[in-house]
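Chemist: Next up, entry_6.txt (compact mmCIF, C-alpha atoms).
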# COMPACT_ATOMS: atom_id res chain seq x y z
CA MET A 1180 -6.44 -25.07 -30.96
CA LYS A 1181 -5.94 -23.92 -27.39
CA LYS A 1182 -2.41 -24.38 -26.16
CA ILE A 1183 -0.98 -24.38 -22.65
CA LEU A 1184 2.80 -24.37 -22.38
CA PHE A 1185 4.40 -25.57 -19.15
CA MET A 1186 7.72 -23.75 -18.95
CA ALA A 1187 10.52 -24.77 -16.60
CA ALA A 1188 11.99 -21.51 -15.31
CA MET A 1189 13.75 -20.24 -12.22
CA PHE A 1190 11.62 -17.39 -10.93
CA ALA A 1191 11.40 -17.94 -7.18
CA ALA A 1192 13.47 -14.84 -6.46
CA THR A 1193 11.11 -12.59 -8.40
CA VAL A 1194 7.76 -13.96 -7.25
CA CYS A 1195 8.14 -12.61 -3.73
CA ASN A 1196 9.13 -9.23 -5.11
CA ALA A 1197 6.30 -9.02 -7.63
CA GLN A 1198 3.89 -7.62 -5.10
CA VAL A 1199 4.05 -4.27 -3.32
CA VAL A 1200 5.26 -5.21 0.15
CA LEU A 1201 4.31 -2.57 2.70
CA TRP A 1202 5.85 -4.37 5.68
CA ASN A 1203 7.67 -7.62 6.32
CA GLY A 1204 9.35 -8.39 9.63
CA GLU A 1205 12.15 -10.39 8.04
CA ASP A 1206 14.04 -7.24 7.06
CA LYS A 1207 13.53 -5.56 10.46
CA ASP A 1208 15.67 -5.71 13.59
CA ILE A 1209 14.40 -7.49 16.71
CA ASP A 1210 13.26 -5.20 19.57
CA THR A 1211 12.76 -2.18 17.28
CA ASP A 1212 9.41 -0.57 16.42
CA GLY A 1213 9.75 -1.83 12.83
CA GLY A 1214 8.86 1.59 11.45
CA PHE A 1215 5.42 1.75 13.08
CA TRP A 1216 4.24 4.76 15.04
CA ASN A 1217 4.57 4.37 18.79
CA ARG A 1218 0.90 3.89 19.61
CA ALA A 1219 0.51 0.34 20.93
CA ASP A 1220 4.11 -0.45 21.86
CA PRO A 1221 5.07 -1.92 18.44
CA THR A 1222 7.99 -4.32 18.78
CA VAL A 1223 9.59 -6.67 16.26
CA VAL A 1224 9.83 -10.13 17.84
CA ASP A 1225 10.71 -13.68 16.88
CA ASP A 1226 7.69 -15.97 16.69
CA ASN A 1227 8.93 -19.54 16.23
CA GLY A 1228 11.61 -18.46 13.79
CA ASN A 1229 9.45 -15.86 12.05
CA LYS A 1230 10.08 -12.18 12.66
CA CYS A 1231 6.83 -10.25 13.04
CA LEU A 1232 5.35 -7.26 14.85
CA LYS A 1233 3.93 -7.52 18.35
CA VAL A 1234 1.61 -4.77 19.56
CA THR A 1235 -0.02 -4.42 22.98
CA LEU A 1236 -3.19 -2.35 22.92
CA LYS A 1237 -3.38 0.07 25.83
CA ALA A 1238 -5.54 2.75 27.35
CA ASN A 1239 -5.22 6.17 25.82
CA PRO A 1240 -2.70 8.16 27.90
CA GLY A 1241 -3.84 11.39 26.31
CA GLY A 1242 -4.33 12.89 22.89
CA TRP A 1243 -6.56 11.45 20.20
CA ASP A 1244 -9.37 9.18 21.32
CA GLN A 1245 -8.56 5.45 20.92
CA GLU A 1246 -5.21 6.30 19.36
CA HIS A 1247 -3.39 3.47 21.16
CA HIS A 1248 -5.83 0.78 20.04
CA ASN A 1249 -4.25 0.45 16.61
CA ALA A 1250 -0.95 -0.29 14.88
CA ALA A 1251 -0.19 2.55 12.47
CA LEU A 1252 2.29 2.16 9.61
CA PRO A 1253 3.42 5.27 7.67
CA ILE A 1254 3.34 4.38 3.96
CA GLY A 1255 3.75 7.77 2.32
CA ASP A 1256 6.56 6.56 0.07
CA ALA A 1257 4.70 3.45 -1.15
CA ASP A 1258 3.58 3.21 -4.76
CA PHE A 1259 0.36 1.19 -4.97
CA LYS A 1260 0.99 0.56 -8.69
CA GLY A 1261 -2.70 0.20 -9.40
CA LEU A 1262 -3.24 -2.49 -6.76
CA ARG A 1263 -6.16 -2.02 -4.40
CA ARG A 1264 -6.30 -5.26 -2.41
CA VAL A 1265 -4.52 -5.16 0.95
CA SER A 1266 -3.71 -8.31 2.89
CA PHE A 1267 -1.76 -9.16 6.02
CA ARG A 1268 -1.45 -11.96 8.55
CA ILE A 1269 -2.62 -11.51 12.11
CA LYS A 1270 -2.74 -13.64 15.25
CA MET A 1271 -4.65 -12.79 18.42
CA ALA A 1272 -6.41 -14.56 21.27
CA GLU A 1273 -10.06 -14.16 20.32
CA LYS A 1274 -12.47 -13.80 17.44
CA HIS A 1275 -13.31 -10.24 16.48
CA ASN A 1276 -13.76 -7.77 13.64
CA VAL A 1277 -10.43 -6.33 12.53
CA MET A 1278 -10.58 -2.95 10.83
CA VAL A 1279 -8.13 -1.37 8.42
CA GLN A 1280 -8.09 2.38 7.95
CA LEU A 1281 -6.32 4.00 5.01
CA GLU A 1282 -5.53 7.66 5.48
CA GLY A 1283 -5.15 9.76 2.38
CA LYS A 1284 -3.08 12.79 1.55
CA ASP A 1285 -3.01 15.35 4.36
CA GLY A 1286 -5.52 13.22 6.26
CA ALA A 1287 -8.19 14.43 3.84
CA TYR A 1288 -10.08 11.13 3.89
CA ASN A 1289 -10.10 7.90 5.84
CA LEU A 1290 -11.32 4.74 4.17
CA LYS A 1291 -12.34 1.96 6.53
CA ARG A 1292 -12.82 -1.74 5.79
CA VAL A 1293 -13.50 -4.60 8.21
CA PHE A 1294 -12.76 -8.33 8.03
CA TRP A 1295 -13.69 -11.08 10.50
CA TYR A 1296 -10.89 -12.88 12.39
CA ASP A 1297 -12.06 -16.33 13.54
CA THR A 1298 -8.95 -18.45 14.26
CA PRO A 1299 -7.92 -17.59 17.87
CA ASP A 1300 -4.20 -18.01 18.58
CA GLU A 1301 -3.52 -18.95 14.96
CA TRP A 1302 -2.25 -16.91 12.04
CA GLN A 1303 -5.00 -15.85 9.63
CA THR A 1304 -4.68 -13.91 6.37
CA MET A 1305 -7.01 -10.92 6.22
CA VAL A 1306 -8.13 -9.48 2.86
CA TYR A 1307 -9.36 -5.92 2.38
CA GLU A 1308 -10.66 -4.69 -0.97
CA PHE A 1309 -10.29 -0.96 -1.59
CA ALA A 1310 -11.43 -1.16 -5.23
CA ALA A 1311 -15.04 -1.52 -4.03
CA GLY A 1312 -17.10 0.43 -1.55
CA PRO A 1313 -17.46 4.12 -0.72
CA ASP A 1314 -14.71 6.56 -1.68
CA ASN A 1315 -12.79 3.81 -3.47
CA GLU A 1316 -11.94 6.28 -6.22
CA LYS A 1317 -9.97 8.33 -3.69
CA VAL A 1318 -7.32 5.63 -3.32
CA THR A 1319 -4.38 6.79 -5.41
CA ASP A 1320 -1.10 5.12 -6.33
CA THR A 1321 0.79 7.58 -4.14
CA GLY A 1322 -0.19 9.89 -1.31
CA ASN A 1323 -1.75 7.24 0.96
CA ASN A 1324 0.00 8.31 4.13
CA VAL A 1325 -0.93 5.85 6.86
CA LEU A 1326 -2.28 2.30 7.06
CA ALA A 1327 -3.76 1.66 10.52
CA ILE A 1328 -4.79 -1.81 11.75
CA TRP A 1329 -7.44 -1.85 14.49
CA PRO A 1330 -7.69 -5.42 15.89
CA PHE A 1331 -10.89 -4.54 17.79
CA GLU A 1332 -12.16 -1.77 15.53
CA GLU A 1333 -12.46 1.65 17.17
CA THR A 1334 -13.29 0.26 20.58
CA ALA A 1335 -11.53 -0.29 23.90
CA ASP A 1336 -12.28 -4.04 23.83
CA GLY A 1337 -8.67 -4.99 23.25
CA GLU A 1338 -6.96 -2.98 25.97
CA GLY A 1339 -4.04 -4.90 27.45
CA LYS A 1340 -4.17 -7.61 24.78
CA THR A 1341 -1.23 -8.65 22.63
CA ILE A 1342 -1.56 -8.91 18.85
CA TYR A 1343 0.88 -10.20 16.21
CA ILE A 1344 0.99 -8.82 12.66
CA ASP A 1345 3.07 -9.73 9.61
CA ASP A 1346 3.35 -9.63 5.80
CA ILE A 1347 1.38 -6.48 4.95
CA GLN A 1348 1.18 -6.19 1.18
CA LEU A 1349 -0.82 -5.14 -1.85
CA ASN A 1350 -2.02 -8.08 -3.92
CA GLY A 1351 -3.20 -8.74 -7.44
CA PRO A 1352 -1.95 -9.44 -10.96
CA MET A 1353 0.41 -6.96 -12.60
CA VAL A 1354 1.52 -6.24 -16.17
CA ASN A 1355 4.68 -4.21 -16.75
CA GLY A 1356 4.85 -3.40 -13.06
CA MET A 1357 1.33 -1.96 -12.87
CA GLY A 1358 -1.83 -3.55 -11.51
CA VAL A 1359 -3.96 -5.11 -14.23
CA ARG A 1360 -6.85 -3.05 -12.90
CA SER A 1361 -5.09 0.07 -14.22
CA TYR A 1362 -5.50 -1.00 -17.85
CA ALA A 1363 -8.53 -0.30 -19.99
CA ASP A 1364 -10.75 -3.23 -20.93
CA ASN A 1365 -9.65 -5.05 -24.11
CA SER A 1366 -6.37 -3.13 -24.20
CA LEU A 1367 -3.76 -5.86 -23.61
CA THR A 1368 -2.69 -7.29 -26.96
CA GLY A 1369 0.05 -9.56 -28.30
CA GLU A 1370 2.15 -11.31 -25.66
CA VAL A 1371 1.08 -10.34 -22.14
CA LYS A 1372 3.38 -11.20 -19.22
CA VAL A 1373 1.68 -11.26 -15.82
CA THR A 1374 3.46 -11.08 -12.46
CA GLY A 1375 2.11 -10.91 -8.93
CA ASN A 1376 -0.72 -12.98 -7.47
CA ILE A 1377 -3.56 -14.39 -9.57
CA GLU A 1378 -6.25 -15.35 -7.10
CA THR A 1379 -9.87 -16.15 -6.54
CA GLY A 1380 -11.37 -15.58 -3.15
CA HIS A 1381 -13.91 -13.89 -0.97
CA TYR A 1382 -13.77 -10.75 1.11
CA GLN A 1383 -16.31 -9.86 3.79
CA ASN A 1384 -15.81 -6.17 4.30
CA THR A 1385 -18.22 -3.74 5.89
CA TRP A 1386 -18.32 0.01 5.78
CA ASP A 1387 -21.86 1.00 6.72
CA GLY A 1388 -22.87 -1.47 9.42
CA ASP A 1389 -23.76 -4.18 6.89
CA TRP A 1390 -21.50 -6.93 5.59
CA HIS A 1391 -20.66 -6.75 1.91
CA GLY A 1392 -19.40 -10.21 1.13
CA GLU A 1393 -18.22 -10.54 -2.45
CA ASP A 1394 -16.31 -13.09 -4.47
CA PHE A 1395 -13.40 -11.87 -6.55
CA SER A 1396 -11.55 -13.47 -9.44
CA ASP A 1397 -8.33 -12.15 -10.91
CA TYR A 1398 -8.91 -14.50 -13.84
CA ASP A 1399 -12.07 -12.60 -14.71
CA LEU A 1400 -10.16 -9.33 -14.26
CA ILE A 1401 -7.38 -10.42 -16.61
CA ALA A 1402 -9.90 -11.67 -19.17
CA ALA A 1403 -11.64 -8.29 -19.16
CA LYS A 1404 -8.37 -6.48 -19.88
CA LEU A 1405 -7.14 -8.84 -22.62
CA ALA A 1406 -7.98 -8.06 -26.21
CA ALA A 1407 -9.75 -10.92 -27.96
CA ASP A 1408 -6.78 -11.32 -30.31
CA ALA A 1409 -4.13 -11.52 -27.56
CA THR A 1410 -1.68 -14.24 -28.58
CA VAL A 1411 0.21 -15.23 -25.41
CA LEU A 1412 -0.50 -15.04 -21.68
CA ASP A 1413 2.76 -15.66 -19.83
CA VAL A 1414 2.18 -16.34 -16.13
CA THR A 1415 5.51 -18.07 -15.44
CA GLY A 1416 6.47 -15.16 -13.18
CA SER A 1417 3.24 -15.11 -11.18
CA THR A 1418 1.77 -17.21 -8.38
CA TYR A 1419 -1.62 -18.86 -8.67
CA GLU A 1420 -3.41 -21.46 -6.57
CA SER A 1421 -6.67 -22.22 -8.35
CA PRO A 1422 -6.15 -21.56 -12.05
CA VAL A 1423 -9.39 -21.07 -13.95
CA TRP A 1424 -8.26 -20.41 -17.48
CA ASP A 1425 -11.65 -21.14 -19.09
CA VAL A 1426 -12.78 -17.53 -18.92
CA ILE A 1427 -9.56 -16.42 -20.64
CA ASN A 1428 -9.76 -19.14 -23.32
CA ALA A 1429 -13.36 -18.13 -23.99
CA LYS A 1430 -12.34 -14.50 -24.48
CA CYS A 1431 -9.17 -15.32 -26.45
CA PRO A 1432 -9.75 -18.62 -28.28
CA ASN A 1433 -6.31 -18.67 -29.92
CA ILE A 1434 -4.23 -17.64 -26.93
CA THR A 1435 -1.27 -19.67 -25.65
CA ILE A 1436 -0.97 -19.78 -21.87
CA LYS A 1437 2.53 -20.28 -20.47
CA LEU A 1438 2.61 -21.88 -17.02
CA ASN A 1439 5.53 -23.05 -14.92
CA THR A 1440 6.43 -26.64 -14.11
CA THR A 1441 8.03 -25.57 -10.82
CA ASN A 1442 4.57 -24.73 -9.49
CA VAL A 1443 3.41 -28.32 -8.97
CA SER A 1444 0.18 -27.40 -7.20
CA ALA A 1445 -0.78 -25.10 -10.06
CA ILE A 1446 -0.22 -27.83 -12.65
CA ARG A 1447 -2.21 -30.33 -10.61
CA LYS A 1448 -5.15 -27.98 -10.21
CA ALA A 1449 -5.01 -27.00 -13.88
CA LYS A 1450 -6.25 -30.47 -14.74
CA THR A 1451 -9.96 -29.88 -15.05
CA GLU A 1452 -12.99 -32.14 -15.47
CA ASP A 1453 -11.81 -35.75 -15.00
CA ASN A 1454 -8.32 -34.71 -13.79
CA ILE A 1455 -6.72 -37.32 -16.07
CA MET A 1456 -3.88 -36.57 -18.46
CA TYR A 1457 -2.62 -38.98 -21.15
CA ASN A 1458 0.32 -39.21 -23.52
CA LEU A 1459 -0.15 -39.85 -27.24
CA ASN A 1460 -0.08 -43.62 -26.60
CA GLY A 1461 -3.14 -43.32 -24.38
CA GLN A 1462 -1.16 -43.98 -21.19
CA ARG A 1463 -2.35 -42.20 -18.07
CA LEU A 1464 0.12 -39.67 -16.65
CA ALA A 1465 0.57 -38.68 -13.02
CA GLN A 1466 2.30 -35.44 -14.07
CA PRO A 1467 2.73 -33.63 -17.41
CA GLN A 1468 5.65 -34.88 -19.52
CA LYS A 1469 7.69 -33.04 -22.11
CA GLY A 1470 6.05 -33.09 -25.48
CA ILE A 1471 2.37 -33.38 -26.35
CA ASN A 1472 -0.06 -34.40 -23.61
CA ILE A 1473 -3.82 -34.87 -23.87
CA LEU A 1474 -6.07 -33.28 -21.24
CA ASN A 1475 -9.84 -33.59 -21.64
CA GLY A 1476 -9.48 -34.09 -25.36
CA LYS A 1477 -7.18 -31.09 -25.87
CA LYS A 1478 -3.48 -31.11 -26.73
CA ILE A 1479 -1.19 -29.50 -24.19
CA ILE A 1480 2.40 -28.80 -25.19
CA VAL A 1481 4.92 -29.22 -22.38
CA ARG A 1482 8.37 -27.71 -23.01
The structure given in the file should be rewritten as structure tokens.

Modeler:
Amino acid sequence: MKKILFMAAMFAATVCNAQVVLWNGEDKDIDTDGGFWNRADPTVVDDNGNKCLKVTLKANPGGWDQEHHNAALPIGDADFKGLRRVSFRIKMAEKHNVMVQLEGKDGAYNLKRVFWYDTPDEWQTMVYEFAAGPDNEKVTDTGNNVLAIWPFEETADGEGKTIYIDDIQLNGPMVNGMGVRSYADNSLTGEVKVTGNIETGHYQNTWDGDWHGEDFSDYDLIAAKLAADATVLDVTGSTYESPVWDVINAKCPNITIKLNTTNVSAIRKAKTEDNIMYNLNGQRLAQPQKGINILNGKKIIVR
């Protein structure tokens, strides 16, 4: 029998820290450069109560070509922990390709990925996948020296324009503080506790002039790493928006999945098929209740 346990637990303080945060304006001082290189006048500002980075792209006053058309963040002390998906929020005045460039040890390689920004004057989350594409094997857990964000790629199109950037982080599910991707297939046995983000989504990166749009699913990734006889998947310390546990239940038919009742949206979306849950008396439930609930003919134990 498949079991899903809804656990009430206080984990809000750890969820935000489960990812590898490369930059967050909230811990930076206003009117400083926020730790960025002085290329496009980086300045920490307050944007409607949210501290973020403002950059103003400018003509190159000398030195490297197009150097002042990007915001460059030194990350040499960051541990990627097996995560290869970079995301950040950006706001600018027009639609355009936004490029991210990851510089490796001693500048030996530069990986470039591009994502399309299409919400002028609104914050948009950009997703860049470094686990796919050319030279992806060169991304290491340490030794990635600089992350550069080019709002208008390597062009002069953005000269004089102001850009806002925030919440640069590495995303993905983690086990024991390491990205799930780091584990061999079928290697996670017994009780497996997952932290970080469990997501499905789409990235539209390009690296050779053509778009390489691909869907990704962390649920599929976790399923690949779980051994078929894994007994418990504890995701009470993770965040998830569109739980698709079917692939995991198919791989591990006897696994117990521990969710968290504090994540109301996750519980609501976990109701599949007819989206109707009942108690043992056949009464329809708006939300799971403690005890045994029936969802699509299956018993769900709520603690």

Chemist: Go through A:Val1373, A:Leu1464, A:Ile1347, A:Leu1262 one by one, measure the shortest atom-to-atom distance of each to Leu1232 of chain A using all atoms listed in the file, and give the residue with the smallest value.

Modeler: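 With all atoms listed in the file as the atom set, the closest residue is A:Ile1347.
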
Chemist: List as a VMD selection string the protein and nucleic acid residues near Asn1355 of chain A, meaning an atom at most 9 Å away when all atoms listed in the file are counted, but skip any in the same chain fewer than 4 places from it.

Modeler: chain A and resid 1371 to 1374

Chemist: Nearest to Val1277 of chain A: which of A:Val1224, A:Ile1344, A:Ala1219, A:Ala1238 is it, counting all atoms listed in the file?

Modeler: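 Among the listed residues, A:Ile1344 lies closest to Val1277 of chain A.
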
Chemist: Looking at A:Glu1333, A:Asp1345, A:Glu1338, A:Asp1320, which one is nearest to Trp1302 of chain A, with distances taken over only C-alpha atoms?

Modeler: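 Ranked by minimum distance to Trp1302 of chain A, first place goes to A:Asp1345.
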
Chemist: Taking into account only C-alpha atoms, which residue in the set A:Glu1282, A:Asp1408, A:Glu1378, A:Glu1316 is nearest to Phe1395 of chain A?

Modeler: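 Smallest separation from Phe1395 of chain A among the options: A:Glu1378.
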
Chemist: How far is it from atom CA of Ile1401 of chain A to atom CA of Arg1360 of chain A, in Å with one decimal?

Modeler: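 Separation of atom CA of Ile1401 of chain A and atom CA of Arg1360 of chain A: 8.3 Å.
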
Chemist: Would you please work out which residue, of A:Val1223, A:Val1411, A:Ala1406, A:Met1278, is nearest to Trp1329 of chain A when using all atoms listed in the file?

Modeler: A:Met1278

Chemist: Using all atoms listed in the file, pick whichever of A:Gln1348, A:Pro1313, A:Asn1276, A:Glu1332 has the shortest atom-to-atom distance to Leu1252 of chain A.

Modeler: A:Gln1348

Chemist: Which neighbours of segment 1396-1400 of chain A fall inside 7 Å, counting only C-alpha atoms, when residues of the same chain fewer than 2 positions from it are skipped, and could you give them as a list of chain:residue names?

Modeler: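 Returned residues: A:Pro1352, A:Ile1377, A:Glu1378, A:Thr1379, A:Gly1380, A:Asp1394, A:Ala1402, A:Ala1403, A:Lys1404, A:Val1423, A:Trp1424, A:Val1426.
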
Chemist: In Å, with one decimal, what is the gap from atom CA of Leu1349 of chain A to atom CA of Arg1268 of chain A?

Modeler: 12.5 Å

Chemist: Report the distance between atom CA of Asn1376 of chain A and atom CA of Ile1342 of chain A in Å, rounded to one decimal place.

Modeler: 26.6 Å

Chemist: Could you name the residues that touch segment 1246-1250 of chain A at 6 Å or less, counting all atoms listed in the file, but leaving out those on the same chain fewer than 2 positions away, as a PyMOL selection string?

Modeler: chain A and resi 1218-1219+1236-1237+1239+1243-1244+1327-1329

Chemist: List every protein, DNA or RNA residue that has an atom no more than 6 Å from (2.5, -18.1, -20.5) in the file's coordinate frame, counting only C-alpha atoms, and report them as a list in words.

Modeler: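 The answer, in the requested form, is Leu1412, Asp1413, Val1414, Thr1415, Ile1436, Lys1437 and Leu1438 of chain A.
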